[in-house]
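For reference, the structure is listed below as structure tokens.
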Amino acid sequence: MHNLEIANRLEETASLLELQEANAFRVRAYRNAARTIGDLSEAVAEMVGENPEDLKNLSGVGKDIAAKIVQLVREGSFPLLAELRAQFPAGLLQIMHLPGLGPKKAALLHKELGIQNAEELKAAAVAGKVAELKGFGKKTEQTILASLEQFDRFGQRVLISEARAAAERILHDLELLPGVAQAAIAGSCRRRLETCGDLDLLVTSADAEGAMAALAQHDLVESVLAKGPTKQRVRLRDGLELDLRVVPEESFGAALQYFTGSKEHNIVIRRRATERGLKLNEYGLFDGETAVAGRTEAEIYEAVGLPWIPPELRENRGEIELAEQNALPDLLKLEDIQADLHMHTTASDGTASIREMIEAARERGRKYIAITDHSKRVSMANGLDATRLRKHWAEIRKIREEYSDIDVLLGVECDILENADLDLEDDVLAEADWVLAVLHYGLKQPREQIMLRLLNAIRNPHVCAIGHPSGRMVGRRAGADIHYPDLFKAAADHGVMLEINANPHRLDLDDLQAHAAREHGIPIVINTDAHSTAGMDVMEYGVDQARRAGLTKKDVANTRSLKQFQRLLRTRS
DNA sequence: GCCGTTTTCGGCCCGACTGTTTTCAGTCG
């Protein structure tokens with residue numbers, strides 16, 4: 001059992017306890033334990049096997065929760081969770097996590113209107129029944145409908161981080177099978193979309209039955225939904241569905257190309273084949289009955305007059321034209337990244353100390369970082385006022401002296417307040433090496449006010465970059481209503497960078513806006529926004545997003561050495 | 001339910017906003 005699974009059960013327990021109106025601190029205890037375990041690099045299941053007493057050394061895990069984890073790992077059972085699940089319909093958890101709703105309102109909807117899931121909530125809201133409930137009203141009803149619409153659009157899709165973790169684990173295990181020669185992930189997961197609706201795996205094997213049997217028995221697989229001689233569809237324990245296709249070696253490239261998509265990209269590629277008197281399908285590229293290509297993707301692209309196109313670009317958004325002119329961008333790679341300029345410590349809401357974060361960054365090969373704890377407005381995250389921030393910086397100054405192979409910038413993640421002021425005075429910001437200005441609150445303000453806030457921040461001479469510009473959460477919450485052309489113009493005029501926040505829940509800027517920002521000549525920074533040492537590992541998702549935006553090493557500021565990076569920063573007054 | 005300790009129980013990140021009320025509960029981050 002993986003840490004994430006354990007953390008998910010604890011998190012679900014916390015949510016269900018909330019619905020039950022249990023003691024708020026008990027709820028928090030489960031949530032804290034879930035977070036600790038989710039952020040942990042050692043496997044909890046192994047700790048249970050070796051020395052279960054060690055669990056109690058984890059912060060937020062005491063006698064009770066440790067015992068529950070042991071039982072979960074050893075016996076696969078979690079009685080408290082089972083009992084809670086029996087009390088509330090599963091759909092209620094989704095409802096309570098909709099923006100504008102929480103445990104209290106969700107419980108009331110369930111109690112008063114018997115609502116069990118999102119569909120029933122929608123029907124009740126449309127019928128105007130929600131507004132009649134005590135504590136609700138017309139506005140709340142509208143908020144609910146808007147949240148449901150967002151939820152519908154996301155549907156059953158899961159974040160790329162979750163999809164990849166599952167796909168890569170299964171792929172790895174299939175690769176170890178004796179009969180399997182080649183194996184690959186295809187589909188949206190290979191294209192590194194923000195979310196995946198399902199997973200596609202391809203293998204070549206002398207023993208198709210063996211590969212499918214191994215998949216059916218895989219510990220991530222819950223059930224087999226369909227099975228034929230070359231294709232098997234299974235449902236994973238987390239609900240995601242996965243297609244495995246066993247293809248002949250001479251068709252592997254064709255199948256990979258075909259099942260990677262996108263549909264729009266493939267339509268154009270197939271048309272190019274037709275124009276050349278050829279036919280392209282998942283088995284190969286054919287001249288009449290004769291296969292002329294199919295073993296690799298590259299030979300298929302070559303046969304239709306193109307260089308191989310990276311999967312991240314395959315959306316028919318201009319990549320085929322670039323390929324024709326041999327002008328495909330040399331996309332950014334994870335190893336190009338030299339720095340991480342957005343992270344938190346225990347000074348605000350991070351879980352690791354300054355020293356721990358510096359060392360974790362070194363282990364990941366970063367040459368310089370910025371420590372950017374929250375400003376005071378984010379009181380829930382223990383944000384820093386001027387006095388505490390200055391003390392924090394003094395501490396960082398002292399500690400960074402111990403390290404000769406990594407530079408540490410004095411940073412801050414400064415809120416842009418609802419009234420467009422910055423959360424810290426200019427004299428404080430002037431002392432920072434790196435000021436990241438961000439929106440956290442009032443994201444639903446009208447466009448004019450949002451733009452006033454962003455432009456005001458950009459005009460401030462101390463602001464270096466705008467972090468997670470829209471504030472969106474993938475699949476959960478649309479971001480602020482930004483007029484991007486104005487944002488880009490202002491950022492370009494004032495030499496302010498824009499962030500791609502690499503957290504898979506954010507990925508903000510998105511690929512299209514990151515591409516547009518690059519067109520304006522704005523340097524992009526890709527940062528993890530880590531709240532723990534393990535949080536630094538999400539950099540790859542930010543890099544993937546940049547690749548989808550067509551960005552190269554030179555488009556991304558934190559691929560440079562510190563000296564070169566500082567030259568890119570606007571002149572500091 | 002966890003933590004730290006004054007070792008047995010009190011404190012646990014909280015201020016602002018929203019939409020509902022007519023003084024505040026619920027939600028947000």
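Note on naming: chains are A, B, ... as they come in the structure tokens, residues start from 1 per chain, ligands start from 1 in the order shown.
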(request) Please provide the set of residues having any atom within 8 Å of range 516-528 of chain A, restricted to only C-alpha atoms (C1' of nucleotides), with same-chain residues fewer than 3 positions apart removed, written as an MDAnalysis selection string. (result) chainID A and resid 340:343 488:489 491:492 495:503 512:513 535:539 542:543 551 555:558
Would you write out those residues with N, CA, C and O atoms, as a short mmCIF file (atom, residue, chain, number, x, y, z; two decimals), in the first residue's frame?
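And here's part-v2.cif as it stands now:
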data_model
loop_
_atom_site.label_atom_id
_atom_site.label_comp_id
_atom_site.auth_asym_id
_atom_site.auth_seq_id
_atom_site.Cartn_x
_atom_site.Cartn_y
_atom_site.Cartn_z
N ASP A 340 14.75 27.16 -8.32
CA ASP A 340 13.35 27.05 -7.89
C ASP A 340 13.10 28.29 -7.04
O ASP A 340 13.73 28.47 -6.00
N LEU A 341 12.18 29.13 -7.49
CA LEU A 341 12.06 30.46 -6.89
C LEU A 341 10.71 30.69 -6.21
O LEU A 341 10.22 31.82 -6.14
N HIS A 342 10.12 29.63 -5.72
CA HIS A 342 8.86 29.76 -4.98
C HIS A 342 8.76 28.57 -4.03
O HIS A 342 8.54 27.45 -4.47
N MET A 343 8.95 28.82 -2.75
CA MET A 343 8.85 27.74 -1.76
C MET A 343 8.64 28.31 -0.37
O MET A 343 8.92 29.47 -0.11
N PHE A 488 -0.03 40.79 -20.34
CA PHE A 488 1.23 40.55 -21.03
C PHE A 488 1.91 41.86 -21.43
O PHE A 488 3.12 41.99 -21.32
N LYS A 489 1.11 42.80 -21.88
CA LYS A 489 1.69 44.07 -22.31
C LYS A 489 2.36 44.75 -21.12
O LYS A 489 3.51 45.21 -21.22
N ALA A 491 3.41 43.36 -18.28
CA ALA A 491 4.56 42.60 -17.80
C ALA A 491 5.76 42.84 -18.72
O ALA A 491 6.89 43.03 -18.25
N ALA A 492 5.52 42.85 -20.02
CA ALA A 492 6.61 43.07 -20.97
C ALA A 492 7.17 44.49 -20.81
O ALA A 492 8.39 44.69 -20.76
N GLY A 495 9.15 44.67 -17.47
CA GLY A 495 10.18 43.67 -17.20
C GLY A 495 9.83 42.75 -16.05
O GLY A 495 10.71 42.32 -15.30
N VAL A 496 8.55 42.46 -15.89
CA VAL A 496 8.13 41.53 -14.84
C VAL A 496 7.92 40.14 -15.43
O VAL A 496 7.34 39.99 -16.50
N MET A 497 8.45 39.14 -14.73
CA MET A 497 8.32 37.75 -15.21
C MET A 497 6.96 37.18 -14.82
O MET A 497 6.30 37.67 -13.92
N LEU A 498 6.58 36.11 -15.49
CA LEU A 498 5.36 35.39 -15.13
C LEU A 498 5.72 33.96 -14.79
O LEU A 498 6.62 33.37 -15.40
N GLU A 499 5.00 33.42 -13.84
CA GLU A 499 5.29 32.08 -13.34
C GLU A 499 4.43 31.02 -14.03
O GLU A 499 3.26 31.25 -14.32
N ILE A 500 5.05 29.87 -14.28
CA ILE A 500 4.27 28.64 -14.43
C ILE A 500 4.43 27.93 -13.10
O ILE A 500 5.52 27.48 -12.76
N ASN A 501 3.36 27.88 -12.34
CA ASN A 501 3.40 27.18 -11.06
C ASN A 501 3.29 25.69 -11.35
O ASN A 501 2.35 25.23 -11.99
N ALA A 502 4.31 24.93 -10.92
CA ALA A 502 4.44 23.53 -11.33
C ALA A 502 3.56 22.58 -10.53
O ALA A 502 3.44 21.41 -10.88
N ASN A 503 2.92 23.08 -9.48
CA ASN A 503 2.04 22.21 -8.71
C ASN A 503 0.95 21.66 -9.63
O ASN A 503 0.25 22.44 -10.28
N LEU A 512 -1.56 27.52 -23.04
CA LEU A 512 -1.87 28.53 -24.07
C LEU A 512 -1.38 29.90 -23.64
O LEU A 512 -0.79 30.63 -24.44
N GLN A 513 -1.62 30.25 -22.38
CA GLN A 513 -1.20 31.58 -21.92
C GLN A 513 0.32 31.65 -21.79
O GLN A 513 0.91 32.71 -22.03
N GLY A 535 7.74 18.40 -1.84
CA GLY A 535 7.03 19.29 -2.75
C GLY A 535 7.88 19.80 -3.89
O GLY A 535 7.36 20.26 -4.92
N MET A 536 9.19 19.71 -3.76
CA MET A 536 10.08 20.16 -4.84
C MET A 536 10.08 19.21 -6.04
O MET A 536 10.60 19.54 -7.10
N ASP A 537 9.54 18.03 -5.85
CA ASP A 537 9.55 17.04 -6.93
C ASP A 537 8.52 17.32 -8.03
O ASP A 537 8.49 16.62 -9.02
N VAL A 538 7.66 18.32 -7.85
CA VAL A 538 6.66 18.57 -8.87
C VAL A 538 7.19 19.39 -10.05
O VAL A 538 6.44 19.67 -10.99
N MET A 539 8.49 19.73 -10.00
CA MET A 539 9.04 20.55 -11.08
C MET A 539 8.76 19.97 -12.46
O MET A 539 8.50 20.68 -13.42
N GLY A 542 5.65 21.21 -14.17
CA GLY A 542 5.79 22.55 -14.71
C GLY A 542 6.56 22.54 -16.03
O GLY A 542 6.22 23.26 -16.98
N VAL A 543 7.59 21.69 -16.08
CA VAL A 543 8.37 21.56 -17.31
C VAL A 543 7.48 21.00 -18.42
O VAL A 543 7.50 21.47 -19.56
N LEU A 551 7.81 26.00 -25.14
CA LEU A 551 8.92 26.80 -24.62
C LEU A 551 10.25 26.06 -24.72
O LEU A 551 10.31 24.83 -24.55
N ASP A 555 13.62 30.47 -23.23
CA ASP A 555 12.40 31.18 -22.83
C ASP A 555 12.19 31.18 -21.33
O ASP A 555 11.34 31.91 -20.82
N VAL A 556 12.91 30.32 -20.63
CA VAL A 556 12.65 30.11 -19.21
C VAL A 556 13.81 30.67 -18.39
O VAL A 556 14.95 30.24 -18.52
N ALA A 557 13.49 31.65 -17.57
CA ALA A 557 14.53 32.41 -16.87
C ALA A 557 15.33 31.56 -15.91
O ALA A 557 16.55 31.73 -15.79
N ASN A 558 14.67 30.64 -15.21
CA ASN A 558 15.41 29.86 -14.22
C ASN A 558 16.15 28.66 -14.80
O ASN A 558 16.49 27.73 -14.08
#
Tell me, counting only C-alpha atoms (C1' of nucleotides), for each residue of chain A within 10 Å of chain B, which pair of atoms is nearest and how far apart they are in Å to one decimal, in rows ordered by chain and increasing number, as a Markdown table.
| residue | atom | partner | partner_atom | distance |
| --- | --- | --- | --- | --- |
| A:Asn23 | CA | B:DG1 | C1' | 9.3 |
| A:Ala24 | CA | B:DC12 | C1' | 9.7 |
| A:Phe25 | CA | B:DC12 | C1' | 6.8 |
| A:Arg26 | CA | B:DG1 | C1' | 4.8 |
| A:Val27 | CA | B:DG1 | C1' | 7.9 |
| A:Arg28 | CA | B:DG1 | C1' | 8.2 |
| A:Ala29 | CA | B:DG1 | C1' | 5.3 |
| A:Tyr30 | CA | B:DG1 | C1' | 7.3 |
| A:Asn32 | CA | B:DC2 | C1' | 9.3 |
| A:Ala33 | CA | B:DC2 | C1' | 9.4 |
| A:Ser59 | CA | B:DC2 | C1' | 8.5 |
| A:Gly60 | CA | B:DC2 | C1' | 5.8 |
| A:Val61 | CA | B:DC2 | C1' | 7.0 |
| A:Gly62 | CA | B:DC2 | C1' | 6.1 |
| A:Lys63 | CA | B:DC2 | C1' | 8.9 |
| A:Asp64 | CA | B:DG1 | C1' | 7.3 |
| A:Ile65 | CA | B:DG1 | C1' | 7.8 |
| A:Pro99 | CA | B:DT27 | C1' | 8.6 |
| A:Gly100 | CA | B:DT27 | C1' | 6.5 |
| A:Leu101 | CA | B:DT27 | C1' | 7.1 |
| A:Gly102 | CA | B:DT27 | C1' | 6.7 |
| A:Pro103 | CA | B:DG26 | C1' | 9.1 |
| A:Lys104 | CA | B:DG26 | C1' | 7.3 |
| A:Lys105 | CA | B:DG26 | C1' | 7.8 |
| A:Lys134 | CA | B:DT20 | C1' | 8.8 |
| A:Gly135 | CA | B:DT20 | C1' | 6.0 |
| A:Phe136 | CA | B:DT20 | C1' | 7.1 |
| A:Gly137 | CA | B:DT20 | C1' | 7.3 |
| A:Lys138 | CA | B:DG19 | C1' | 9.2 |
| A:Lys139 | CA | B:DG19 | C1' | 7.2 |
| A:Thr140 | CA | B:DG19 | C1' | 7.4 |
| A:Ser348 | CA | B:DC13 | C1' | 9.2 |
| A:Asp349 | CA | B:DC13 | C1' | 8.5 |
| A:Arg377 | CA | B:DG15 | C1' | 8.2 |
| A:Val378 | CA | B:DG29 | C1' | 6.9 |
| A:Ser379 | CA | B:DC14 | C1' | 6.0 |
| A:Met380 | CA | B:DC13 | C1' | 5.1 |
| A:Ala381 | CA | B:DC13 | C1' | 6.2 |
| A:Asn382 | CA | B:DC13 | C1' | 5.8 |
| A:Gly383 | CA | B:DC13 | C1' | 9.4 |
| A:His440 | CA | B:DG29 | C1' | 7.1 |
| A:Tyr441 | CA | B:DG29 | C1' | 7.4 |
| A:Gly442 | CA | B:DC17 | C1' | 8.6 |
Put those residues in a file: C-alpha atoms, as a PDB file, in the first residue's frame.
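The result, written out as again-v3.pdb:
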ATOM      1  CA  ASN A  23     -14.759  17.949  16.957  1.00  0.00           C
ATOM      2  CA  ALA A  24     -12.904  20.289  14.590  1.00  0.00           C
ATOM      3  CA  PHE A  25      -9.553  19.457  16.132  1.00  0.00           C
ATOM      4  CA  ARG A  26     -10.137  15.784  15.661  1.00  0.00           C
ATOM      5  CA  VAL A  27     -10.835  16.519  11.993  1.00  0.00           C
ATOM      6  CA  ARG A  28      -7.647  18.513  11.795  1.00  0.00           C
ATOM      7  CA  ALA A  29      -5.695  15.694  13.411  1.00  0.00           C
ATOM      8  CA  TYR A  30      -6.660  13.326  10.586  1.00  0.00           C
ATOM      9  CA  ASN A  32      -2.475  16.701   9.520  1.00  0.00           C
ATOM     10  CA  ALA A  33      -1.633  13.011   9.539  1.00  0.00           C
ATOM     11  CA  SER A  59       4.452  14.614  13.223  1.00  0.00           C
ATOM     12  CA  GLY A  60       0.701  14.473  13.587  1.00  0.00           C
ATOM     13  CA  VAL A  61       0.626  10.704  14.009  1.00  0.00           C
ATOM     14  CA  GLY A  62      -0.080   9.558  17.543  1.00  0.00           C
ATOM     15  CA  LYS A  63      -1.142   6.350  19.210  1.00  0.00           C
ATOM     16  CA  ASP A  64      -4.616   6.182  17.671  1.00  0.00           C
ATOM     17  CA  ILE A  65      -3.837   7.028  14.084  1.00  0.00           C
ATOM     18  CA  PRO A  99     -16.547  25.989  -4.144  1.00  0.00           C
ATOM     19  CA  GLY A 100     -19.094  27.850  -2.059  1.00  0.00           C
ATOM     20  CA  LEU A 101     -20.110  24.754  -0.138  1.00  0.00           C
ATOM     21  CA  GLY A 102     -18.618  23.144   2.892  1.00  0.00           C
ATOM     22  CA  PRO A 103     -19.460  20.410   5.362  1.00  0.00           C
ATOM     23  CA  LYS A 104     -22.286  22.318   7.056  1.00  0.00           C
ATOM     24  CA  LYS A 105     -24.137  23.262   3.912  1.00  0.00           C
ATOM     25  CA  LYS A 134     -32.410  28.417   5.718  1.00  0.00           C
ATOM     26  CA  GLY A 135     -28.944  29.877   5.358  1.00  0.00           C
ATOM     27  CA  PHE A 136     -29.050  29.609   1.570  1.00  0.00           C
ATOM     28  CA  GLY A 137     -30.334  32.139  -0.936  1.00  0.00           C
ATOM     29  CA  LYS A 138     -30.439  33.057  -4.598  1.00  0.00           C
ATOM     30  CA  LYS A 139     -26.753  33.965  -4.722  1.00  0.00           C
ATOM     31  CA  THR A 140     -25.681  30.724  -3.097  1.00  0.00           C
ATOM     32  CA  SER A 348       4.701  30.405   7.237  1.00  0.00           C
ATOM     33  CA  ASP A 349       2.839  27.257   6.193  1.00  0.00           C
ATOM     34  CA  ARG A 377      -2.689  38.777   4.708  1.00  0.00           C
ATOM     35  CA  VAL A 378      -2.608  34.999   4.447  1.00  0.00           C
ATOM     36  CA  SER A 379      -3.116  34.717   8.174  1.00  0.00           C
ATOM     37  CA  MET A 380      -4.317  31.142   7.924  1.00  0.00           C
ATOM     38  CA  ALA A 381      -0.894  30.236   6.538  1.00  0.00           C
ATOM     39  CA  ASN A 382       0.800  32.198   9.310  1.00  0.00           C
ATOM     40  CA  GLY A 383       1.888  34.877   6.836  1.00  0.00           C
ATOM     41  CA  HIS A 440      -5.059  34.678  -3.226  1.00  0.00           C
ATOM     42  CA  TYR A 441      -8.215  36.475  -2.178  1.00  0.00           C
ATOM     43  CA  GLY A 442     -11.079  38.064  -4.032  1.00  0.00           C
TER      44      GLY A 442
END
(request) Would you return as a ChimeraX atom specification the members of range 303-521 of chain A that DSSP assigns to alpha helix (DSSP H) on this structure's backbone? (result) /A:303,319-324,354-363,386-400,426-429,447-459,484-494,511-519
(request) Using DSSP on the backbone, list every residue of range 377-541 of chain A that comes out as strand (DSSP E), and give them as a ChimeraX atom specification. (result) /A:407-415,434-438,465-466,497-501,524-527
What does the file look like for those residues with N, CA, C and O atoms, as a JSON list (two decimals), in the first residue's frame?
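See out.json below for the written result:
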[["chain", "number", "residue", "atom", "x", "y", "z"],
["A", 407, "ASP", "N", 23.03, 29.10, -4.01],
["A", 407, "ASP", "CA", 22.71, 30.46, -3.57],
["A", 407, "ASP", "C", 21.25, 30.53, -3.15],
["A", 407, "ASP", "O", 20.39, 29.89, -3.76],
["A", 408, "VAL", "N", 21.01, 31.31, -2.11],
["A", 408, "VAL", "CA", 19.66, 31.41, -1.57],
["A", 408, "VAL", "C", 19.22, 32.87, -1.57],
["A", 408, "VAL", "O", 19.84, 33.71, -0.92],
["A", 409, "LEU", "N", 18.17, 33.15, -2.33],
["A", 409, "LEU", "CA", 17.67, 34.52, -2.41],
["A", 409, "LEU", "C", 16.65, 34.77, -1.31],
["A", 409, "LEU", "O", 15.88, 33.89, -0.94],
["A", 410, "LEU", "N", 16.66, 36.01, -0.80],
["A", 410, "LEU", "CA", 15.67, 36.42, 0.19],
["A", 410, "LEU", "C", 14.41, 36.79, -0.58],
["A", 410, "LEU", "O", 14.39, 37.78, -1.31],
["A", 411, "GLY", "N", 13.38, 35.98, -0.43],
["A", 411, "GLY", "CA", 12.17, 36.22, -1.22],
["A", 411, "GLY", "C", 10.95, 36.39, -0.35],
["A", 411, "GLY", "O", 10.99, 36.25, 0.87],
["A", 412, "VAL", "N", 9.85, 36.68, -1.02],
["A", 412, "VAL", "CA", 8.56, 36.73, -0.33],
["A", 412, "VAL", "C", 7.46, 36.52, -1.37],
["A", 412, "VAL", "O", 7.60, 36.93, -2.52],
["A", 413, "GLU", "N", 6.42, 35.80, -0.95],
["A", 413, "GLU", "CA", 5.22, 35.68, -1.77],
["A", 413, "GLU", "C", 4.25, 36.70, -1.21],
["A", 413, "GLU", "O", 3.59, 36.45, -0.20],
["A", 414, "CYS", "N", 4.21, 37.86, -1.87],
["A", 414, "CYS", "CA", 3.47, 38.99, -1.32],
["A", 414, "CYS", "C", 2.08, 39.06, -1.94],
["A", 414, "CYS", "O", 1.94, 39.13, -3.16],
["A", 415, "ASP", "N", 1.06, 39.07, -1.10],
["A", 415, "ASP", "CA", -0.32, 39.14, -1.60],
["A", 415, "ASP", "C", -0.62, 40.49, -2.24],
["A", 415, "ASP", "O", -0.17, 41.53, -1.76],
["A", 434, "TRP", "N", 13.95, 38.99, -4.25],
["A", 434, "TRP", "CA", 12.99, 38.37, -5.17],
["A", 434, "TRP", "C", 11.60, 38.51, -4.60],
["A", 434, "TRP", "O", 11.31, 37.95, -3.54],
["A", 435, "VAL", "N", 10.76, 39.28, -5.27],
["A", 435, "VAL", "CA", 9.38, 39.48, -4.82],
["A", 435, "VAL", "C", 8.42, 38.87, -5.82],
["A", 435, "VAL", "O", 8.38, 39.25, -6.99],
["A", 436, "LEU", "N", 7.68, 37.89, -5.32],
["A", 436, "LEU", "CA", 6.67, 37.22, -6.13],
["A", 436, "LEU", "C", 5.33, 37.80, -5.66],
["A", 436, "LEU", "O", 4.96, 37.66, -4.50],
["A", 437, "ALA", "N", 4.61, 38.47, -6.56],
["A", 437, "ALA", "CA", 3.30, 39.03, -6.18],
["A", 437, "ALA", "C", 2.21, 38.10, -6.67],
["A", 437, "ALA", "O", 2.28, 37.58, -7.79],
["A", 438, "VAL", "N", 1.22, 37.87, -5.81],
["A", 438, "VAL", "CA", 0.18, 36.88, -6.14],
["A", 438, "VAL", "C", -1.20, 37.31, -5.66],
["A", 438, "VAL", "O", -1.34, 38.05, -4.70],
["A", 465, "ALA", "N", 8.03, 39.20, -10.24],
["A", 465, "ALA", "CA", 7.24, 38.25, -11.01],
["A", 465, "ALA", "C", 5.85, 38.15, -10.42],
["A", 465, "ALA", "O", 5.64, 38.43, -9.24],
["A", 466, "ILE", "N", 4.91, 37.71, -11.25],
["A", 466, "ILE", "CA", 3.57, 37.39, -10.77],
["A", 466, "ILE", "C", 3.49, 35.87, -10.67],
["A", 466, "ILE", "O", 3.73, 35.16, -11.65],
["A", 497, "MET", "N", 8.45, 39.14, -14.73],
["A", 497, "MET", "CA", 8.32, 37.75, -15.21],
["A", 497, "MET", "C", 6.96, 37.18, -14.82],
["A", 497, "MET", "O", 6.30, 37.67, -13.92],
["A", 498, "LEU", "N", 6.58, 36.11, -15.49],
["A", 498, "LEU", "CA", 5.36, 35.39, -15.13],
["A", 498, "LEU", "C", 5.72, 33.96, -14.79],
["A", 498, "LEU", "O", 6.62, 33.37, -15.40],
["A", 499, "GLU", "N", 5.00, 33.42, -13.84],
["A", 499, "GLU", "CA", 5.29, 32.08, -13.34],
["A", 499, "GLU", "C", 4.43, 31.02, -14.03],
["A", 499, "GLU", "O", 3.26, 31.25, -14.32],
["A", 500, "ILE", "N", 5.05, 29.87, -14.28],
["A", 500, "ILE", "CA", 4.27, 28.64, -14.43],
["A", 500, "ILE", "C", 4.43, 27.93, -13.10],
["A", 500, "ILE", "O", 5.52, 27.48, -12.76],
["A", 501, "ASN", "N", 3.36, 27.88, -12.34],
["A", 501, "ASN", "CA", 3.40, 27.18, -11.06],
["A", 501, "ASN", "C", 3.29, 25.69, -11.35],
["A", 501, "ASN", "O", 2.35, 25.23, -11.99],
["A", 524, "ILE", "N", 9.66, 33.49, -18.56],
["A", 524, "ILE", "CA", 8.82, 32.62, -17.73],
["A", 524, "ILE", "C", 9.71, 32.03, -16.63],
["A", 524, "ILE", "O", 10.85, 31.67, -16.89],
["A", 525, "VAL", "N", 9.17, 31.94, -15.42],
["A", 525, "VAL", "CA", 9.85, 31.18, -14.35],
["A", 525, "VAL", "C", 8.97, 29.99, -13.99],
["A", 525, "VAL", "O", 7.75, 30.14, -13.86],
["A", 526, "ILE", "N", 9.57, 28.84, -13.83],
["A", 526, "ILE", "CA", 8.82, 27.64, -13.44],
["A", 526, "ILE", "C", 9.23, 27.28, -12.03],
["A", 526, "ILE", "O", 10.41, 27.02, -11.76],
["A", 527, "ASN", "N", 8.26, 27.29, -11.12],
["A", 527, "ASN", "CA", 8.55, 27.08, -9.70],
["A", 527, "ASN", "C", 7.62, 26.03, -9.10],
["A", 527, "ASN", "O", 6.51, 25.85, -9.58]]
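In terms of minimum interatomic distance to Gly305 in chain A, A:Glu324 ranks closest within A:Asn419, A:Ala293, A:Glu324, A:Ser404, counting only C-alpha atoms.
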(message) At a cut-off of 9 Å, using only C-alpha atoms (C1' of nucleotides), what residues contact Asp173 in chain A? Leave out same-chain residues fewer than 4 positions from it and give the result as a PyMOL selection string.
(response) chain A and resi 168-169+177+214-215+218
Could you write out that same residue set with C-alpha atoms as a short mmCIF file (atom, residue, chain, number, x, y, z; two decimals), in the first residue's frame?
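again_26.cif, freshly written:
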data_model
loop_
_atom_site.label_atom_id
_atom_site.label_comp_id
_atom_site.auth_asym_id
_atom_site.auth_seq_id
_atom_site.Cartn_x
_atom_site.Cartn_y
_atom_site.Cartn_z
CA GLU A 168 4.29 4.52 -14.86
CA ARG A 169 4.04 1.96 -12.11
CA LEU A 177 7.57 -9.55 -17.88
CA ALA A 214 -0.31 -9.83 -15.28
CA LEU A 215 -2.25 -6.59 -15.64
CA HIS A 218 -1.73 -5.96 -10.70
#
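The residue that comes closest to Val48 in chain A, out of A:Leu19, A:Leu507, A:Leu201, A:Met1 and on the basis of only C-alpha atoms, is A:Met1.
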(message) Using only C-alpha atoms (C1' of nucleotides), which protein or nucleic acid residues come within 10 Å of Lys227 in chain A? Drop anything in the same chain fewer than 6 positions from it, and give the result as a PyMOL selection string.
(response) chain A and resi 212+216+233-234+243-244
